[in-house]
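Visitor: File follows, coords_3.txt with compact mmCIF, N, CA and C atoms:
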# COMPACT_ATOMS: atom_id res chain seq x y z
N MET A 243 125.65 0.12 59.30
CA MET A 243 125.69 -0.14 57.87
C MET A 243 125.91 -1.63 57.63
N ASP A 244 125.27 -2.14 56.62
CA ASP A 244 125.35 -3.56 56.34
C ASP A 244 126.22 -3.85 55.11
N CYS A 245 127.22 -3.05 54.89
CA CYS A 245 128.10 -3.22 53.73
C CYS A 245 129.20 -4.23 54.07
N PHE A 246 129.30 -5.27 53.24
CA PHE A 246 130.29 -6.31 53.48
C PHE A 246 131.72 -5.75 53.46
N PHE A 247 132.03 -4.88 52.51
CA PHE A 247 133.39 -4.31 52.46
C PHE A 247 133.66 -3.39 53.65
N CYS A 248 132.66 -2.67 54.12
CA CYS A 248 132.84 -1.85 55.33
C CYS A 248 133.16 -2.74 56.53
N LYS A 249 132.54 -3.90 56.58
CA LYS A 249 132.84 -4.85 57.67
C LYS A 249 134.28 -5.34 57.58
N ILE A 250 134.77 -5.56 56.37
CA ILE A 250 136.18 -5.95 56.20
C ILE A 250 137.09 -4.81 56.62
N ILE A 251 136.77 -3.59 56.19
CA ILE A 251 137.57 -2.41 56.53
C ILE A 251 137.62 -2.21 58.05
N ASN A 252 136.50 -2.46 58.72
CA ASN A 252 136.43 -2.32 60.18
C ASN A 252 137.00 -3.53 60.92
N LYS A 253 137.48 -4.51 60.16
CA LYS A 253 138.08 -5.73 60.70
C LYS A 253 137.07 -6.61 61.45
N ASP A 254 135.78 -6.46 61.08
CA ASP A 254 134.74 -7.32 61.64
C ASP A 254 134.67 -8.65 60.89
N VAL A 255 135.19 -8.66 59.68
CA VAL A 255 135.23 -9.85 58.84
C VAL A 255 136.70 -10.08 58.48
N PRO A 256 137.20 -11.29 58.68
CA PRO A 256 138.62 -11.53 58.36
C PRO A 256 138.88 -11.45 56.85
N SER A 257 140.09 -11.00 56.53
CA SER A 257 140.50 -10.92 55.14
C SER A 257 142.03 -11.02 55.10
N LYS A 258 142.54 -11.16 53.91
CA LYS A 258 143.99 -11.23 53.70
C LYS A 258 144.47 -9.85 53.29
N ILE A 259 144.79 -9.03 54.27
CA ILE A 259 145.23 -7.66 54.03
C ILE A 259 146.68 -7.67 53.57
N ILE A 260 146.95 -6.99 52.44
CA ILE A 260 148.33 -6.90 51.98
C ILE A 260 148.86 -5.47 52.02
N TYR A 261 147.96 -4.50 52.24
CA TYR A 261 148.39 -3.10 52.34
C TYR A 261 147.28 -2.31 53.02
N GLU A 262 147.69 -1.31 53.80
CA GLU A 262 146.72 -0.42 54.43
C GLU A 262 147.35 0.93 54.64
N ASP A 263 146.58 1.97 54.40
CA ASP A 263 146.98 3.33 54.76
C ASP A 263 145.72 4.08 55.18
N LYS A 264 145.79 5.39 55.33
CA LYS A 264 144.64 6.14 55.84
C LYS A 264 143.45 6.16 54.88
N SER A 265 143.70 5.90 53.59
CA SER A 265 142.65 5.97 52.59
C SER A 265 142.04 4.63 52.22
N VAL A 266 142.85 3.56 52.25
CA VAL A 266 142.40 2.28 51.70
C VAL A 266 142.84 1.09 52.52
N LEU A 267 142.17 0.00 52.23
CA LEU A 267 142.60 -1.33 52.66
C LEU A 267 142.73 -2.13 51.37
N ALA A 268 143.84 -2.82 51.18
CA ALA A 268 144.03 -3.68 50.01
C ALA A 268 144.03 -5.12 50.49
N ILE A 269 143.16 -5.91 49.88
CA ILE A 269 143.01 -7.31 50.29
C ILE A 269 143.12 -8.22 49.07
N LEU A 270 143.57 -9.44 49.33
CA LEU A 270 143.51 -10.45 48.28
C LEU A 270 142.06 -10.83 48.06
N ASP A 271 141.65 -10.91 46.80
CA ASP A 271 140.27 -11.28 46.47
C ASP A 271 140.01 -12.70 46.98
N THR A 272 138.89 -12.90 47.65
CA THR A 272 138.52 -14.21 48.18
C THR A 272 138.31 -15.23 47.07
N TYR A 273 137.87 -14.77 45.91
CA TYR A 273 137.64 -15.64 44.75
C TYR A 273 138.53 -15.15 43.60
N PRO A 274 139.84 -15.34 43.74
CA PRO A 274 140.77 -14.76 42.76
C PRO A 274 140.63 -15.34 41.36
N ARG A 275 140.75 -14.46 40.38
CA ARG A 275 140.74 -14.87 38.98
C ARG A 275 142.15 -15.18 38.49
N VAL A 276 143.15 -14.76 39.29
CA VAL A 276 144.55 -14.95 38.94
C VAL A 276 145.38 -14.78 40.21
N LEU A 277 146.56 -15.33 40.21
CA LEU A 277 147.49 -15.16 41.33
C LEU A 277 147.69 -13.68 41.64
N GLY A 278 147.45 -13.30 42.90
CA GLY A 278 147.66 -11.92 43.31
C GLY A 278 146.49 -10.99 43.06
N HIS A 279 145.35 -11.51 42.61
CA HIS A 279 144.16 -10.67 42.37
C HIS A 279 143.83 -9.92 43.66
N THR A 280 143.90 -8.62 43.60
CA THR A 280 143.77 -7.77 44.78
C THR A 280 142.65 -6.76 44.60
N LEU A 281 141.97 -6.43 45.70
CA LEU A 281 140.94 -5.40 45.72
C LEU A 281 141.43 -4.23 46.55
N ILE A 282 141.29 -3.05 46.01
CA ILE A 282 141.56 -1.81 46.75
C ILE A 282 140.21 -1.30 47.24
N LEU A 283 140.05 -1.22 48.56
CA LEU A 283 138.79 -0.77 49.16
C LEU A 283 138.97 0.60 49.80
N PRO A 284 138.36 1.64 49.26
CA PRO A 284 138.41 2.93 49.95
C PRO A 284 137.79 2.77 51.34
N LYS A 285 138.40 3.38 52.34
CA LYS A 285 137.88 3.25 53.70
C LYS A 285 136.57 4.00 53.90
N ILE A 286 136.37 5.02 53.10
CA ILE A 286 135.10 5.74 53.16
C ILE A 286 134.10 4.96 52.31
N HIS A 287 132.87 4.81 52.80
CA HIS A 287 131.87 4.08 52.02
C HIS A 287 131.41 4.96 50.86
N ALA A 288 131.59 4.46 49.67
CA ALA A 288 131.10 5.10 48.45
C ALA A 288 130.65 3.96 47.54
N GLU A 289 129.44 4.03 47.04
CA GLU A 289 128.94 2.94 46.21
C GLU A 289 129.71 2.82 44.91
N ASN A 290 130.11 3.96 44.34
CA ASN A 290 130.81 3.95 43.07
C ASN A 290 131.72 5.18 42.96
N ILE A 291 132.38 5.33 41.84
CA ILE A 291 133.33 6.43 41.68
C ILE A 291 132.65 7.79 41.79
N PHE A 292 131.37 7.89 41.40
CA PHE A 292 130.65 9.15 41.52
C PHE A 292 130.47 9.56 42.98
N ASP A 293 130.33 8.58 43.86
CA ASP A 293 130.07 8.85 45.27
C ASP A 293 131.34 9.11 46.08
N LEU A 294 132.50 8.80 45.51
CA LEU A 294 133.75 9.01 46.24
C LEU A 294 134.06 10.51 46.27
N PRO A 295 134.20 11.10 47.46
CA PRO A 295 134.51 12.53 47.52
C PRO A 295 135.82 12.83 46.79
N ASP A 296 135.83 14.00 46.13
CA ASP A 296 137.00 14.40 45.34
C ASP A 296 138.30 14.37 46.16
N ASP A 297 138.21 14.74 47.43
CA ASP A 297 139.43 14.78 48.24
C ASP A 297 139.93 13.38 48.64
N GLU A 298 139.19 12.34 48.28
CA GLU A 298 139.61 10.96 48.56
C GLU A 298 140.24 10.29 47.34
N ILE A 299 140.00 10.83 46.16
CA ILE A 299 140.42 10.17 44.92
C ILE A 299 141.94 10.01 44.85
N GLU A 300 142.67 11.05 45.17
CA GLU A 300 144.13 10.99 45.07
C GLU A 300 144.71 9.87 45.94
N GLY A 301 144.26 9.78 47.18
CA GLY A 301 144.77 8.74 48.07
C GLY A 301 144.45 7.34 47.59
N VAL A 302 143.26 7.16 47.04
CA VAL A 302 142.86 5.84 46.55
C VAL A 302 143.74 5.43 45.37
N PHE A 303 143.94 6.34 44.43
CA PHE A 303 144.72 5.95 43.24
C PHE A 303 146.22 5.91 43.50
N LYS A 304 146.70 6.66 44.48
CA LYS A 304 148.10 6.48 44.90
C LYS A 304 148.29 5.08 45.48
N ALA A 305 147.29 4.61 46.22
CA ALA A 305 147.36 3.26 46.78
C ALA A 305 147.31 2.20 45.68
N VAL A 306 146.50 2.42 44.65
CA VAL A 306 146.47 1.50 43.51
C VAL A 306 147.88 1.36 42.93
N LYS A 307 148.55 2.47 42.75
CA LYS A 307 149.91 2.46 42.20
C LYS A 307 150.88 1.73 43.13
N LYS A 308 150.81 2.02 44.42
CA LYS A 308 151.70 1.37 45.38
C LYS A 308 151.48 -0.14 45.42
N VAL A 309 150.22 -0.56 45.43
CA VAL A 309 149.93 -1.98 45.52
C VAL A 309 150.33 -2.69 44.23
N ALA A 310 150.12 -2.07 43.10
CA ALA A 310 150.55 -2.68 41.84
C ALA A 310 152.07 -2.86 41.84
N LYS A 311 152.80 -1.86 42.35
CA LYS A 311 154.27 -1.99 42.44
C LYS A 311 154.65 -3.11 43.41
N LEU A 312 153.93 -3.22 44.51
CA LEU A 312 154.18 -4.30 45.47
C LEU A 312 153.97 -5.66 44.81
N LEU A 313 152.87 -5.81 44.08
CA LEU A 313 152.59 -7.07 43.39
C LEU A 313 153.63 -7.35 42.30
N GLU A 314 154.09 -6.30 41.64
CA GLU A 314 155.12 -6.47 40.61
C GLU A 314 156.41 -7.03 41.21
N LYS A 315 156.81 -6.48 42.35
CA LYS A 315 158.03 -6.95 43.01
C LYS A 315 157.85 -8.38 43.54
N ALA A 316 156.69 -8.66 44.12
CA ALA A 316 156.47 -9.95 44.77
C ALA A 316 156.21 -11.09 43.77
N LEU A 317 155.51 -10.80 42.68
CA LEU A 317 155.04 -11.87 41.80
C LEU A 317 155.65 -11.83 40.40
N ALA A 318 156.30 -10.74 40.03
CA ALA A 318 156.93 -10.58 38.72
C ALA A 318 156.00 -10.87 37.54
N PRO A 319 154.81 -10.26 37.51
CA PRO A 319 153.93 -10.47 36.36
C PRO A 319 154.47 -9.71 35.15
N ASP A 320 153.90 -10.00 33.98
CA ASP A 320 154.28 -9.30 32.76
C ASP A 320 153.51 -8.00 32.58
N GLY A 321 152.45 -7.81 33.34
CA GLY A 321 151.62 -6.61 33.25
C GLY A 321 150.47 -6.70 34.23
N PHE A 322 149.52 -5.79 34.10
CA PHE A 322 148.36 -5.74 34.98
C PHE A 322 147.12 -5.35 34.20
N THR A 323 145.98 -5.80 34.65
CA THR A 323 144.70 -5.22 34.27
C THR A 323 144.15 -4.63 35.55
N ILE A 324 143.82 -3.34 35.48
CA ILE A 324 143.31 -2.61 36.64
C ILE A 324 141.97 -2.02 36.24
N GLY A 325 140.92 -2.28 37.05
CA GLY A 325 139.62 -1.79 36.64
C GLY A 325 138.60 -1.73 37.74
N ILE A 326 137.49 -1.08 37.39
CA ILE A 326 136.36 -0.88 38.29
C ILE A 326 135.10 -1.36 37.59
N ASN A 327 134.32 -2.19 38.27
CA ASN A 327 132.98 -2.52 37.80
C ASN A 327 132.05 -1.51 38.44
N HIS A 328 131.39 -0.69 37.62
CA HIS A 328 130.55 0.41 38.11
C HIS A 328 129.10 0.07 37.80
N GLY A 329 128.36 -0.36 38.82
CA GLY A 329 126.95 -0.71 38.66
C GLY A 329 126.76 -2.19 38.37
N LYS A 330 125.57 -2.66 38.64
CA LYS A 330 125.27 -4.09 38.49
C LYS A 330 125.48 -4.59 37.07
N VAL A 331 125.11 -3.78 36.07
CA VAL A 331 125.22 -4.21 34.68
C VAL A 331 126.68 -4.51 34.29
N SER A 332 127.62 -3.89 34.99
CA SER A 332 129.04 -4.11 34.70
C SER A 332 129.62 -5.27 35.49
N GLY A 333 128.82 -5.82 36.42
CA GLY A 333 129.31 -6.92 37.23
C GLY A 333 129.61 -6.56 38.67
N GLN A 334 129.32 -5.33 39.09
CA GLN A 334 129.55 -4.95 40.49
C GLN A 334 128.55 -5.69 41.36
N THR A 335 129.06 -6.52 42.27
CA THR A 335 128.17 -7.32 43.12
C THR A 335 128.09 -6.79 44.55
N ILE A 336 129.05 -5.99 44.96
CA ILE A 336 129.03 -5.37 46.29
C ILE A 336 129.01 -3.87 46.08
N GLU A 337 128.02 -3.21 46.67
CA GLU A 337 127.82 -1.79 46.43
C GLU A 337 128.74 -0.92 47.29
N HIS A 338 130.03 -1.15 47.12
CA HIS A 338 131.08 -0.36 47.74
C HIS A 338 132.19 -0.30 46.69
N LEU A 339 132.55 0.89 46.30
CA LEU A 339 133.59 1.06 45.28
C LEU A 339 134.80 0.20 45.62
N HIS A 340 135.30 -0.50 44.63
CA HIS A 340 136.54 -1.26 44.80
C HIS A 340 137.23 -1.35 43.45
N ILE A 341 138.53 -1.33 43.50
CA ILE A 341 139.34 -1.38 42.29
C ILE A 341 140.05 -2.72 42.27
N HIS A 342 139.91 -3.43 41.15
CA HIS A 342 140.58 -4.72 40.96
C HIS A 342 141.96 -4.48 40.38
N ILE A 343 142.95 -5.13 40.95
CA ILE A 343 144.29 -5.18 40.35
C ILE A 343 144.55 -6.65 40.06
N MET A 344 144.69 -6.95 38.78
CA MET A 344 144.92 -8.34 38.37
C MET A 344 146.28 -8.44 37.67
N PRO A 345 147.23 -9.09 38.32
CA PRO A 345 148.50 -9.35 37.65
C PRO A 345 148.25 -10.18 36.38
N ARG A 346 149.03 -9.93 35.35
CA ARG A 346 148.84 -10.64 34.08
C ARG A 346 150.16 -11.26 33.63
N TRP A 347 150.03 -12.43 33.01
CA TRP A 347 151.18 -13.14 32.45
C TRP A 347 150.90 -13.45 30.99
N LEU A 348 151.92 -13.59 30.21
CA LEU A 348 151.77 -13.82 28.78
C LEU A 348 150.89 -15.02 28.46
N ASP A 349 150.91 -16.04 29.27
CA ASP A 349 150.16 -17.27 28.98
C ASP A 349 148.93 -17.45 29.87
N ASP A 350 148.36 -16.35 30.40
CA ASP A 350 147.27 -16.50 31.38
C ASP A 350 145.88 -16.69 30.75
N LYS A 351 145.77 -16.67 29.46
CA LYS A 351 144.52 -16.89 28.74
C LYS A 351 143.48 -15.79 28.96
N GLY A 352 143.89 -14.67 29.53
CA GLY A 352 142.98 -13.55 29.73
C GLY A 352 142.97 -12.64 28.52
N GLY A 353 142.07 -11.69 28.53
CA GLY A 353 141.97 -10.72 27.45
C GLY A 353 142.21 -9.31 27.96
N SER A 354 142.19 -8.38 27.05
CA SER A 354 142.34 -6.98 27.44
C SER A 354 141.01 -6.46 27.98
N ILE A 355 141.03 -5.28 28.50
CA ILE A 355 139.80 -4.67 29.00
C ILE A 355 138.79 -4.53 27.86
N HIS A 356 139.28 -4.49 26.64
CA HIS A 356 138.40 -4.40 25.47
C HIS A 356 137.56 -5.66 25.27
N SER A 357 137.94 -6.76 25.90
CA SER A 357 137.18 -8.00 25.73
C SER A 357 135.97 -8.07 26.65
N VAL A 358 135.77 -7.08 27.50
CA VAL A 358 134.65 -7.08 28.44
C VAL A 358 133.32 -6.92 27.72
N VAL A 359 133.29 -6.08 26.70
CA VAL A 359 132.05 -5.83 25.95
C VAL A 359 132.42 -5.64 24.48
N ASN A 360 131.51 -6.05 23.60
CA ASN A 360 131.74 -5.86 22.17
C ASN A 360 130.41 -5.44 21.54
N ASN A 361 130.10 -4.16 21.67
CA ASN A 361 128.85 -3.61 21.16
C ASN A 361 129.16 -2.24 20.55
N PRO A 362 129.88 -2.23 19.40
CA PRO A 362 130.29 -0.96 18.81
C PRO A 362 129.09 -0.07 18.49
N PRO A 363 129.24 1.24 18.69
CA PRO A 363 128.13 2.16 18.41
C PRO A 363 127.84 2.26 16.92
N LYS A 364 126.58 2.57 16.60
CA LYS A 364 126.19 2.83 15.21
C LYS A 364 126.51 4.28 14.85
N GLU A 365 126.52 5.15 15.85
CA GLU A 365 126.80 6.57 15.64
C GLU A 365 128.28 6.76 15.33
N ASP A 366 128.59 7.79 14.54
CA ASP A 366 130.01 8.07 14.30
C ASP A 366 130.56 8.88 15.47
N LEU A 367 131.87 8.96 15.55
CA LEU A 367 132.53 9.59 16.69
C LEU A 367 132.19 11.07 16.82
N ASP A 368 131.97 11.78 15.71
CA ASP A 368 131.59 13.19 15.79
C ASP A 368 130.23 13.36 16.47
N GLU A 369 129.28 12.47 16.16
CA GLU A 369 127.96 12.54 16.80
C GLU A 369 128.07 12.29 18.31
N ILE A 370 128.87 11.30 18.67
CA ILE A 370 129.05 10.96 20.09
C ILE A 370 129.71 12.11 20.83
N LYS A 371 130.74 12.68 20.23
CA LYS A 371 131.46 13.81 20.84
C LYS A 371 130.51 14.98 21.04
N SER A 372 129.70 15.28 20.05
CA SER A 372 128.75 16.38 20.12
C SER A 372 127.74 16.16 21.26
N LEU A 373 127.23 14.96 21.36
CA LEU A 373 126.29 14.64 22.44
C LEU A 373 126.93 14.84 23.81
N ILE A 374 128.14 14.37 23.96
CA ILE A 374 128.84 14.47 25.25
C ILE A 374 129.14 15.93 25.59
N GLU A 375 129.56 16.71 24.61
CA GLU A 375 129.94 18.11 24.87
C GLU A 375 128.79 18.95 25.38
N LYS A 376 127.54 18.57 25.06
CA LYS A 376 126.37 19.29 25.55
C LYS A 376 126.26 19.25 27.06
N PHE A 377 126.90 18.27 27.69
CA PHE A 377 126.77 18.07 29.13
C PHE A 377 128.03 18.45 29.92
N LYS A 378 129.07 18.91 29.24
CA LYS A 378 130.33 19.26 29.94
C LYS A 378 130.11 20.28 31.04
N SER A 379 129.31 21.28 30.80
CA SER A 379 129.13 22.35 31.78
C SER A 379 128.30 21.88 32.98
N LYS A 380 127.70 20.72 32.90
CA LYS A 380 126.84 20.23 33.97
C LYS A 380 127.55 19.29 34.95
N ILE A 381 128.85 19.03 34.72
CA ILE A 381 129.55 18.16 35.65
C ILE A 381 130.44 18.95 36.59
Any chance you could give the structure as structure tokens?
Guide:
Amino acid sequence: MDCFFCKIINKDVPSKIIYEDKSVLAILDTYPRVLGHTLILPKIHAENIFDLPDDEIEGVFKAVKKVAKLLEKALAPDGFTIGINHGKVSGQTIEHLHIHIMPRWLDDKGGSIHSVVNNPPKEDLDEIKSLIEKFKSKI
């Protein structure tokens, strides 16, 4: 496999590992947007959250919680932004699921997750809910 994150997980590519367990490897982002910017890499190759097997989800998100607590103790941020870029249109540049943990400080000049996109729907919420409910039985 030619996945860059799989190479990091296999220790074929050096990285700054700050946490590891049976489900994930947590590394400092090579191009950090903020002090402590960390990536949680599931050890199983999954391009996105849809591809991650259900039995892997719990371990991955438990690790997100543990690493955020570790960063909280080590760096004393005022909060966190935690997120996933799913697909190229969202900014995903490596096709291996990874979760960003970004420590946040009151004066860091960052925005909320709501600042990522600003394209409010023309449809009202009842129309959107109705459309979505048609597909509930198919997931």
Visitor: Apply DSSP to the backbone of this structure and, from chain A, keep only the residues in alpha helix (DSSP H); write these as JSON, numbers by chain.
Guide: {"A": [246, 247, 248, 249, 250, 251, 296, 297, 298, 299, 300, 301, 302, 303, 304, 305, 306, 307, 308, 309, 310, 311, 312, 313, 314, 315, 316, 317, 367, 368, 369, 370, 371, 372, 373, 374, 375]}
Visitor: Using DSSP on the backbone, list every residue of stretch 314-366 of chain A that comes out as strand (DSSP E or B), and give them as an MDAnalysis selection string.
Guide: chainID A and resid 321:325 341:346
Visitor: Sort by chain and increasing residue number a table of all residues of stretch 304-341 of chain A within 12 Å of stretch 357-374 of chain A, each with its closest pair of atoms and their distance in Å to one decimal, counting only C-alpha atoms, and write it as a tab-separated table.
Guide:
residue	atom	partner	partner_atom	distance
A:Thr323	CA	A:Ser357	CA	11.7
A:Gly325	CA	A:Val358	CA	11.0
A:Ile326	CA	A:Val358	CA	11.8
A:Asn327	CA	A:Val358	CA	10.5
A:Val331	CA	A:Val359	CA	11.2
A:Ser332	CA	A:Val358	CA	8.9
A:Gly333	CA	A:Val358	CA	10.3
Visitor: Hey, can you check how far atom CA of A:Pro284 sits from atom CA of A:Glu314?
Guide: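 For atom CA of A:Pro284 relative to atom CA of A:Glu314, the distance reads 21.3 Å.
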Visitor: Neighbouring residues of A:Ala318 were defined as those with any atom within 9 Å, considering only C-alpha atoms; residues of the same chain fewer than 4 positions away were excluded. Please report them as a list of chain:residue names.
Guide: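 Everything that qualifies: A:Leu313, A:Glu314, A:Pro345, A:Trp347.
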Visitor: Using only N, CA and C atoms for the distances, tell me which of A:Leu270, A:Ala310, A:Ile343, A:Leu283 is nearest to A:Lys258.
Guide: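 Residue with the minimum atom-to-atom distance to A:Lys258: A:Leu270.
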Visitor: Sort by chain and increasing residue number a table of all residues of stretch 294-369 of chain A within 10 Å of stretch 263-268 of chain A, each with its closest pair of atoms and their distance in Å to one decimal, counting only C-alpha atoms, and write it as JSON lines.
Guide:
{"residue": "A:Glu298", "atom": "CA", "partner": "A:Ser265", "partner_atom": "CA", "distance": 7.1}
{"residue": "A:Ile299", "atom": "CA", "partner": "A:Ser265", "partner_atom": "CA", "distance": 9.0}
{"residue": "A:Glu300", "atom": "CA", "partner": "A:Ser265", "partner_atom": "CA", "distance": 9.2}
{"residue": "A:Gly301", "atom": "CA", "partner": "A:Ser265", "partner_atom": "CA", "distance": 5.7}
{"residue": "A:Val302", "atom": "CA", "partner": "A:Ser265", "partner_atom": "CA", "distance": 6.0}
{"residue": "A:Phe303", "atom": "CA", "partner": "A:Val266", "partner_atom": "CA", "distance": 9.5}
{"residue": "A:Lys304", "atom": "CA", "partner": "A:Ser265", "partner_atom": "CA", "distance": 9.4}
{"residue": "A:Ala305", "atom": "CA", "partner": "A:Val266", "partner_atom": "CA", "distance": 7.1}
{"residue": "A:Val306", "atom": "CA", "partner": "A:Ala268", "partner_atom": "CA", "distance": 8.7}
{"residue": "A:Val309", "atom": "CA", "partner": "A:Ala268", "partner_atom": "CA", "distance": 7.6}
{"residue": "A:His340", "atom": "CA", "partner": "A:Ala268", "partner_atom": "CA", "distance": 9.4}
{"residue": "A:Ile341", "atom": "CA", "partner": "A:Ala268", "partner_atom": "CA", "distance": 9.3}
{"residue": "A:His342", "atom": "CA", "partner": "A:Ala268", "partner_atom": "CA", "distance": 9.7}
{"residue": "A:Ile343", "atom": "CA", "partner": "A:Ala268", "partner_atom": "CA", "distance": 9.8}
Visitor: Which polymer residues have any atom within 9 Å of an atom of A:Glu337, counting only C-alpha atoms, with same-chain residues fewer than 3 positions away left out, as a list in words?
Guide: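 Contacts, with the query itself left out: Cys245, Phe246, Phe247, Ala288, Glu289, Asn290, Gly329, Lys330, Gln334 and His340 of chain A.
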Visitor: In Å, rounded to a single decimal, give me how far atom N of A:Ile269 is from atom N of A:Ile282.
Guide: 5.2 Å
Visitor: Which one is closest to A:Ile336: A:Ala316, A:His287, A:Gly278, A:Asp297? Count only C-alpha atoms.
Guide: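 Of A:Ala316, A:His287, A:Gly278, A:Asp297, the one nearest A:Ile336, counting only C-alpha atoms, is A:His287.
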Visitor: Quote the spacing between atom N of A:Gly352 and atom N of A:Ile259 in Å to one decimal place.
Guide: 25.4 Å
